[in-house]
Each structure stands twice: as structure tokens, then as C-alpha cells.
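For reference, structure-v3.pdb is printed below; it contains PDB, C-alpha atoms, pLDDT in the B column.
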MODEL        1
ATOM      1  CA  MET S  25     176.331 114.950 -24.732  1.00 92.00           C
ATOM      2  CA  ARG S  26     178.387 112.977 -22.249  1.00 91.00           C
ATOM      3  CA  GLU S  27     178.642 109.347 -21.300  1.00 91.00           C
ATOM      4  CA  PHE S  28     180.374 107.783 -18.356  1.00 94.00           C
ATOM      5  CA  GLY S  29     181.537 104.241 -17.835  1.00 94.00           C
ATOM      6  CA  ARG S  30     180.141 101.878 -15.246  1.00 96.00           C
ATOM      7  CA  PRO S  31     183.255 102.240 -13.002  1.00 96.00           C
ATOM      8  CA  ASP S  32     182.782 106.038 -13.022  1.00 95.00           C
ATOM      9  CA  LEU S  33     179.172 105.682 -11.951  1.00 97.00           C
ATOM     10  CA  LEU S  34     179.987 103.071  -9.309  1.00 97.00           C
ATOM     11  CA  ALA S  35     182.363 105.627  -7.749  1.00 95.00           C
ATOM     12  CA  CYS S  36     179.308 107.849  -7.277  1.00 97.00           C
ATOM     13  CA  CYS S  37     177.082 105.079  -5.914  1.00 98.00           C
ATOM     14  CA  ALA S  38     178.270 101.508  -5.401  1.00 96.00           C
ATOM     15  CA  SER S  39     174.881  99.950  -6.136  1.00 98.00           C
ATOM     16  CA  THR S  40     175.206  98.015  -9.377  1.00 98.00           C
ATOM     17  CA  ARG S  41     171.465  98.381 -10.005  1.00 98.00           C
ATOM     18  CA  TRP S  42     171.805 102.155  -9.655  1.00 98.00           C
ATOM     19  CA  ALA S  43     174.826 102.340 -11.961  1.00 98.00           C
ATOM     20  CA  ASP S  44     173.149 100.183 -14.597  1.00 98.00           C
ATOM     21  CA  ALA S  45     169.970 102.310 -14.482  1.00 98.00           C
ATOM     22  CA  VAL S  46     171.935 105.548 -14.938  1.00 98.00           C
ATOM     23  CA  LEU S  47     174.092 103.999 -17.651  1.00 97.00           C
ATOM     24  CA  ALA S  48     171.006 102.833 -19.551  1.00 96.00           C
ATOM     25  CA  LEU S  49     169.819 106.439 -20.001  1.00 95.00           C
ATOM     26  CA  ALA S  50     173.137 107.809 -21.285  1.00 95.00           C
ATOM     27  CA  PRO S  51     174.284 109.987 -22.930  1.00 96.00           C
ATOM     28  CA  TYR S  52     173.476 113.077 -20.877  1.00 97.00           C
ATOM     29  CA  GLN S  53     173.151 116.571 -22.259  1.00 97.00           C
ATOM     30  CA  ASN S  54     173.890 118.319 -18.971  1.00 97.00           C
ATOM     31  CA  LEU S  55     174.481 117.803 -15.268  1.00 97.00           C
ATOM     32  CA  GLY S  56     170.804 118.361 -14.522  1.00 98.00           C
ATOM     33  CA  ALA S  57     169.803 115.420 -16.703  1.00 97.00           C
ATOM     34  CA  LEU S  58     172.473 113.207 -15.130  1.00 98.00           C
ATOM     35  CA  THR S  59     171.385 114.224 -11.634  1.00 98.00           C
ATOM     36  CA  ALA S  60     167.719 113.581 -12.442  1.00 98.00           C
ATOM     37  CA  ALA S  61     168.582 110.116 -13.737  1.00 98.00           C
ATOM     38  CA  GLY S  62     170.612 109.452 -10.588  1.00 98.00           C
ATOM     39  CA  GLU S  63     167.742 110.551  -8.338  1.00 98.00           C
ATOM     40  CA  ALA S  64     165.223 108.407 -10.237  1.00 98.00           C
ATOM     41  CA  ALA S  65     167.532 105.398 -10.036  1.00 98.00           C
ATOM     42  CA  LEU S  66     167.995 105.904  -6.277  1.00 98.00           C
ATOM     43  CA  ALA S  67     164.246 106.071  -5.762  1.00 97.00           C
ATOM     44  CA  GLY S  68     163.915 102.660  -7.417  1.00 97.00           C
ATOM     45  CA  LEU S  69     166.477 100.879  -5.254  1.00 98.00           C
ATOM     46  CA  SER S  70     165.481  98.108  -2.895  1.00 98.00           C
ATOM     47  CA  TRP S  71     166.898  98.182   0.618  1.00 98.00           C
ATOM     48  CA  GLU S  72     169.345  95.427  -0.430  1.00 98.00           C
ATOM     49  CA  ASP S  73     170.582  97.728  -3.209  1.00 98.00           C
ATOM     50  CA  VAL S  74     171.056 100.527  -0.675  1.00 98.00           C
ATOM     51  CA  LEU S  75     173.058  98.163   1.537  1.00 98.00           C
ATOM     52  CA  GLU S  76     175.264  97.370  -1.460  1.00 98.00           C
ATOM     53  CA  ALA S  77     175.881 101.093  -1.894  1.00 98.00           C
ATOM     54  CA  LEU S  78     176.643 101.507   1.816  1.00 97.00           C
ATOM     55  CA  SER S  79     179.255  98.766   1.677  1.00 94.00           C
ATOM     56  CA  ALA S  80     181.581 101.159  -0.181  1.00 92.00           C
ATOM     57  CA  HIS S  81     181.389 103.859   2.499  1.00 91.00           C
ATOM     58  CA  PRO S  82     183.941 103.873   5.322  1.00 90.00           C
ATOM     59  CA  ARG S  83     182.883 104.674   8.840  1.00 91.00           C
ATOM     60  CA  ILE S  84     182.808 108.357   9.695  1.00 90.00           C
ATOM     61  CA  GLY S  85     186.241 109.064  11.130  1.00 86.00           C
ATOM     62  CA  ASP S  86     187.984 106.325   9.145  1.00 82.00           C
ATOM     63  CA  ARG S  87     190.112 107.356   6.189  1.00 72.00           C
ATOM     64  CA  ALA S  88     189.282 105.615   2.932  1.00 67.00           C
ATOM     65  CA  ALA S  89     192.301 103.747   1.619  1.00 69.00           C
ATOM     66  CA  GLY S  90     193.358 103.638  -1.998  1.00 72.00           C
ATOM     67  CA  ALA S  91     194.155 105.976  -4.819  1.00 72.00           C
ATOM     68  CA  GLY S  92     190.881 105.635  -6.729  1.00 76.00           C
ATOM     69  CA  ARG S  93     188.346 108.347  -7.383  1.00 76.00           C
ATOM     70  CA  GLU S  94     185.855 107.061  -4.808  1.00 77.00           C
ATOM     71  CA  SER S  95     188.500 106.895  -2.060  1.00 74.00           C
ATOM     72  CA  SER S  96     189.732 110.376  -2.901  1.00 80.00           C
ATOM     73  CA  TRP S  97     186.203 111.775  -2.812  1.00 83.00           C
ATOM     74  CA  SER S  98     185.497 110.035   0.495  1.00 77.00           C
ATOM     75  CA  ARG S  99     188.619 111.493   2.110  1.00 81.00           C
ATOM     76  CA  ALA S 100     187.634 114.994   0.939  1.00 82.00           C
ATOM     77  CA  GLU S 101     184.047 114.524   2.132  1.00 84.00           C
ATOM     78  CA  GLN S 102     185.245 113.510   5.589  1.00 83.00           C
ATOM     79  CA  ALA S 103     187.782 116.327   5.879  1.00 80.00           C
ATOM     80  CA  GLY S 104     185.921 117.541   8.982  1.00 83.00           C
ATOM     81  CA  THR S 105     187.334 114.607  10.939  1.00 86.00           C
ATOM     82  CA  GLU S 106     190.925 115.108   9.828  1.00 85.00           C
ATOM     83  CA  HIS S 107     191.913 117.463  12.640  1.00 85.00           C
ATOM     84  CA  ALA S 108     189.304 116.486  15.226  1.00 89.00           C
ATOM     85  CA  ASP S 109     190.558 115.907  18.728  1.00 93.00           C
ATOM     86  CA  ALA S 110     191.127 112.384  20.000  1.00 93.00           C
ATOM     87  CA  ALA S 111     188.078 112.411  22.296  1.00 96.00           C
ATOM     88  CA  ILE S 112     185.701 113.165  19.430  1.00 95.00           C
ATOM     89  CA  LEU S 113     187.329 110.548  17.215  1.00 94.00           C
ATOM     90  CA  GLU S 114     187.034 107.956  19.976  1.00 96.00           C
ATOM     91  CA  ALA S 115     183.390 108.894  20.530  1.00 96.00           C
ATOM     92  CA  LEU S 116     182.795 108.534  16.780  1.00 95.00           C
ATOM     93  CA  THR S 117     184.352 105.070  16.854  1.00 96.00           C
ATOM     94  CA  GLN S 118     182.128 104.032  19.749  1.00 98.00           C
ATOM     95  CA  GLY S 119     179.094 105.664  18.155  1.00 97.00           C
ATOM     96  CA  ASN S 120     179.749 103.919  14.838  1.00 97.00           C
ATOM     97  CA  GLU S 121     179.915 100.567  16.626  1.00 97.00           C
ATOM     98  CA  SER S 122     176.653 101.242  18.492  1.00 98.00           C
ATOM     99  CA  TYR S 123     174.965 102.359  15.292  1.00 98.00           C
ATOM    100  CA  GLU S 124     176.088  99.262  13.392  1.00 98.00           C
ATOM    101  CA  ARG S 125     174.828  96.980  16.185  1.00 98.00           C
ATOM    102  CA  ARG S 126     171.482  98.766  16.207  1.00 98.00           C
ATOM    103  CA  PHE S 127     170.865  99.096  12.467  1.00 98.00           C
ATOM    104  CA  GLY S 128     173.155  96.518  10.844  1.00 97.00           C
ATOM    105  CA  HIS S 129     175.012  98.872   8.519  1.00 97.00           C
ATOM    106  CA  VAL S 130     177.451 101.772   8.489  1.00 97.00           C
ATOM    107  CA  TYR S 131     176.300 105.166   9.756  1.00 97.00           C
ATOM    108  CA  LEU S 132     175.859 107.280   6.636  1.00 97.00           C
ATOM    109  CA  ILE S 133     175.794 111.043   6.590  1.00 97.00           C
ATOM    110  CA  CYS S 134     176.654 113.535   3.898  1.00 96.00           C
ATOM    111  CA  ALA S 135     179.827 114.650   5.649  1.00 94.00           C
ATOM    112  CA  THR S 136     180.801 117.393   3.201  1.00 93.00           C
ATOM    113  CA  GLY S 137     181.354 120.623   5.111  1.00 92.00           C
ATOM    114  CA  ARG S 138     180.476 119.150   8.502  1.00 94.00           C
ATOM    115  CA  PRO S 139     182.834 119.215  11.478  1.00 94.00           C
ATOM    116  CA  ALA S 140     183.405 115.976  13.379  1.00 93.00           C
ATOM    117  CA  GLY S 141     181.491 117.174  16.454  1.00 95.00           C
ATOM    118  CA  GLU S 142     178.363 117.850  14.406  1.00 96.00           C
ATOM    119  CA  MET S 143     178.551 114.417  12.767  1.00 95.00           C
ATOM    120  CA  LEU S 144     178.930 112.844  16.209  1.00 97.00           C
ATOM    121  CA  ASP S 145     175.925 114.741  17.581  1.00 97.00           C
ATOM    122  CA  LEU S 146     173.798 113.632  14.627  1.00 98.00           C
ATOM    123  CA  LEU S 147     174.989 110.033  14.995  1.00 98.00           C
ATOM    124  CA  LEU S 148     174.016 109.980  18.666  1.00 98.00           C
ATOM    125  CA  ALA S 149     170.615 111.517  17.907  1.00 98.00           C
ATOM    126  CA  ARG S 150     169.947 109.029  15.116  1.00 98.00           C
ATOM    127  CA  LEU S 151     170.563 106.083  17.438  1.00 98.00           C
ATOM    128  CA  ALA S 152     167.114 106.819  18.902  1.00 98.00           C
ATOM    129  CA  ASN S 153     165.365 106.440  15.521  1.00 98.00           C
ATOM    130  CA  ASP S 154     163.266 103.429  14.723  1.00 97.00           C
ATOM    131  CA  PRO S 155     164.607 101.367  11.790  1.00 98.00           C
ATOM    132  CA  ASP S 156     162.049 102.650   9.263  1.00 98.00           C
ATOM    133  CA  VAL S 157     162.805 106.287  10.050  1.00 98.00           C
ATOM    134  CA  GLU S 158     166.520 105.586   9.888  1.00 98.00           C
ATOM    135  CA  ARG S 159     166.207 103.877   6.507  1.00 98.00           C
ATOM    136  CA  LYS S 160     164.550 106.989   5.097  1.00 98.00           C
ATOM    137  CA  ILE S 161     167.309 109.196   6.503  1.00 98.00           C
ATOM    138  CA  VAL S 162     169.978 106.880   5.065  1.00 98.00           C
ATOM    139  CA  ARG S 163     168.339 107.065   1.612  1.00 98.00           C
ATOM    140  CA  ASP S 164     168.227 110.874   1.870  1.00 98.00           C
ATOM    141  CA  GLU S 165     171.884 111.090   2.933  1.00 98.00           C
ATOM    142  CA  LEU S 166     172.915 108.696   0.163  1.00 98.00           C
ATOM    143  CA  GLY S 167     171.054 110.898  -2.312  1.00 98.00           C
ATOM    144  CA  LYS S 168     172.976 113.977  -1.140  1.00 98.00           C
ATOM    145  CA  ILE S 169     176.303 112.183  -1.477  1.00 97.00           C
ATOM    146  CA  VAL S 170     175.453 110.840  -4.926  1.00 98.00           C
ATOM    147  CA  LYS S 171     174.361 114.274  -6.133  1.00 98.00           C
ATOM    148  CA  LEU S 172     177.666 115.819  -5.005  1.00 97.00           C
ATOM    149  CA  ARG S 173     179.667 113.014  -6.571  1.00 96.00           C
ATOM    150  CA  LEU S 174     177.797 113.214  -9.873  1.00 98.00           C
ATOM    151  CA  ALA S 175     178.678 116.926 -10.019  1.00 97.00           C
ATOM    152  CA  LYS S 176     182.344 116.073  -9.389  1.00 96.00           C
ATOM    153  CA  LEU S 177     182.205 113.412 -12.091  1.00 96.00           C
ATOM    154  CA  TRP S 178     180.623 115.844 -14.563  1.00 97.00           C
ATOM    155  CA  GLU S 179     183.288 118.455 -13.773  1.00 93.00           C
ATOM    156  CA  GLY S 180     186.051 115.892 -14.273  1.00 89.00           C
ATOM    157  CA  ARG S 181     187.316 115.940 -10.688  1.00 74.00           C
TER     158      ARG S 181
ENDMDL
END
Just give me the structure of the file as C-alpha cells.
Amino acid sequence: MREFGRPDLLACCASTRWADAVLALAPYQNLGALTAAGEAALAGLSWEDVLEALSAHPRIGDRAAGAGRESSWSRAEQAGTEHADAAILEALTQGNESYERRFGHVYLICATGRPAGEMLDLLLARLANDPDVERKIVRDELGKIVKLRLAKLWEGR
């Protein structure tokens, strides 16, 4: 059985409502139980709670500052932008700005294993979504990120 503190959980998802819901069901016997609790908590979040979670995510192409667990994970997740050429990085910057004007929040994608060009292509495609469709995609992407981070937390990384 394992328990994690609120700061550990907030590194996985910065929604306080999410962290409190996962914390309330602790301890966890295995990663599957922790992941299931995380998924259930995500499903219960309001859009305002999702926006709180998004506030901890840097733009795609920006390097998260700091030495904390969340910053370290974010840098690793965005490794696909580390060696991207300047034109792609500039296009990501412009795309991020367009996305934020259109939807009012940071462009979120589960960046793990994705090259910068692919993330740019998906960003540009998602600009055409209506807000309701985009909110569903954001929730799905947040769920993927949280699942990966919960596994890292469980493994002690």
C-alpha cells in the first residue's frame, strides 16, 4: 500500500480538486488503482478545475523552469522540441499565441515521444476546432499526461 502527499499529486495534475480527490482514496495497493482514481477524479473536474491544471503547463516549445519534479517531467515530456530547428520553434510560438487567443488557455498536448513538427501540425489543425470539441481534446490530453506522471510517481522518478 502506498500513499503520496498532496505536493506529489499536484506535480501530476495541478488541479487542487483533482489532488484532493485522489488523496482522499489513498492508500493505493498498485499503480492500476492509483491510475483509476486519477481517471475518476479527472472525469469529475469542472472546466475551471481543468484551467487550474493547465496553468501549470508551459507552452509547447518553452522549457519549464525550476528544479522540482513537475518541471523536470515537463522538460522530459517536451524533449521533442529541444533540438527542433528555429523555424519550427518560431511557428510553435506563433501557433501557441493564436491558440491562446482563440481558446483562452495554453495549447495542451501529451508531448511525450512527439517531435516538434508533429506537435506543430496538431496545433495548427486544432485551431479549426470549435470550443466544445477542443475542450474534450484538452481533457483527453490532460488525462494522458496525468497517467504518465502517475506512473513516474509510482516508480519513484
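Considering the residues S:Arg93, S:Arg87, S:Gly104, S:Pro31 and counting only C-alpha atoms, S:Met143 has its shortest atom-to-atom contact with S:Gly104.
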List as a tab-separated table every residue of stretch 66-117 of chain S that is in contact with stretch 156-171 of chain S, defined as an atom at most 12 Å from one of its atoms (using only C-alpha atoms), together with the nearest atom pair and the distance in Å rounded to one decimal, sorted by chain and then rising number.
residue	atom	partner	partner_atom	distance
S:Leu66	CA	S:Gly167	CA	7.1
S:Ala67	CA	S:Arg163	CA	8.5
S:Gly68	CA	S:Arg163	CA	11.0
S:Leu69	CA	S:Arg163	CA	9.4
S:Ser70	CA	S:Arg163	CA	10.4
S:Trp71	CA	S:Arg159	CA	8.2
S:Glu72	CA	S:Arg159	CA	11.4
S:Asp73	CA	S:Arg163	CA	10.7
S:Val74	CA	S:Arg163	CA	7.4
S:Leu75	CA	S:Val162	CA	9.9
S:Glu76	CA	S:Leu166	CA	11.7
S:Ala77	CA	S:Leu166	CA	8.4
S:Leu78	CA	S:Leu166	CA	8.3
S:Ser79	CA	S:Leu166	CA	11.9
S:Ala80	CA	S:Leu166	CA	11.5
S:His81	CA	S:Leu166	CA	10.0
S:Glu94	CA	S:Val170	CA	11.1
S:Trp97	CA	S:Ile169	CA	10.0
S:Ser98	CA	S:Ile169	CA	9.6
S:Ala100	CA	S:Ile169	CA	11.9
S:Glu101	CA	S:Ile169	CA	8.9
S:Gln102	CA	S:Ile169	CA	11.5
Subject >> Selection result of the PyMOL selection byres ((chain S and resi 61) around 12) on this file, as number ranges by chain >> reply: S: 33, 42-60, 62-68, 167, 170-171, 174
Original post:
Just how far from atom CA of S:Ala38 is atom CA of S:Gln118, in Å to one decimal?
Top reply: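 So the answer is 25.6 Å.
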Original post:
Can you tell me, as a list in words, what residues are no more than 9 Å from S:Leu172 when counting only C-alpha atoms, ignoring any on the same chain fewer than 5 positions away?
Top reply: Cys36, Thr136, Gly167 and Leu177 of chain S
**OP:** Kindly resolve the PyMOL selection byres ((chain S and resi 115) around 12) on the present coordinates and return the residues as a PyMOL selection string.
**Re:** chain S and resi 84-85+105+108-114+116-123+140-145+147-148
